[in-house]
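Working notes, beginning with the structure itself.
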Amino acid sequence: MHLFAEGEVVRQEVSGEQVQTLDEFLGQTQSFSATPKPGDGGYMGMQVALEDFFALFEHDGLLHTGTICSVMACQGNGRSGS
């Protein structure tokens, strides 16, 4: 089976930078579905680890992190093959 029959798979990566305060960093990280929620057993440990990470790498109250956005698409005629 060919997932993208008669098409070309195109991949593009775009690099960037994200700048966050501690509250923004915590909010973004806590929004991930795999992280412990308030009241869960590992929540407080995760909070401490995130605050320690932020403190280690922040500058003037801001955390600068590199980002990579990957986009993959198929260009073709819309027909699938097997």
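How things are named: the first chain in the structure tokens is A, the next is B, and so on; residues count from 1 in each chain; ligands count from 1 in the order shown.
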
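In the backbone-derived DSSP annotation, strand (DSSP E) within region 38-67 of chain A comprises Leu63, His64, Thr65, Gly66 and Thr67 of chain A.
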
Same residues, C-alpha atoms, output as a short mmCIF file (atom, residue, chain, number, x, y, z; two decimals), in the first residue's frame:
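result-v4.cif, freshly written:
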```
data_model
loop_
_atom_site.label_atom_id
_atom_site.label_comp_id
_atom_site.auth_asym_id
_atom_site.auth_seq_id
_atom_site.Cartn_x
_atom_site.Cartn_y
_atom_site.Cartn_z
CA LEU A 63 12.88 32.28 29.33
CA HIS A 64 14.17 32.21 25.75
CA THR A 65 13.81 28.85 24.00
CA GLY A 66 14.36 27.76 20.44
CA THR A 67 11.43 26.34 18.52
#
```

Would you please extract all alpha helix (DSSP H) residues from chain A, as assigned by DSSP on the backbone, and give them as a PyMOL selection string?
-> chain A and resi 22-30+43-57

Neighbours of Met46 (chain A) within 10 Å (only C-alpha atoms; same-chain residues fewer than 5 positions away dropped), as a ChimeraX atom specification?
-> /A:26,29-30,35-37,41,51-52

Which one is closest to Ser70 (chain A): A:Ala34, A:Val14, A:Ala49, A:Val9? Count only C-alpha atoms.
->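 Nearest candidate to Ser70 (chain A) out of A:Ala34, A:Val14, A:Ala49, A:Val9: A:Val14.
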
Which polymer residues have any atom within 8 Å of an atom of Gly61 (chain A), counting only C-alpha atoms, with same-chain residues fewer than 3 positions away left out, as a VMD selection string?
-> chain A and resid 21 to 22 58

Straight-line distance linking CA of Phe53 (chain A) with CA of Glu13 (chain A), stated in Å to one decimal |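 Going from CA of Phe53 (chain A) over to CA of Glu13 (chain A), I get 26.4 Å.
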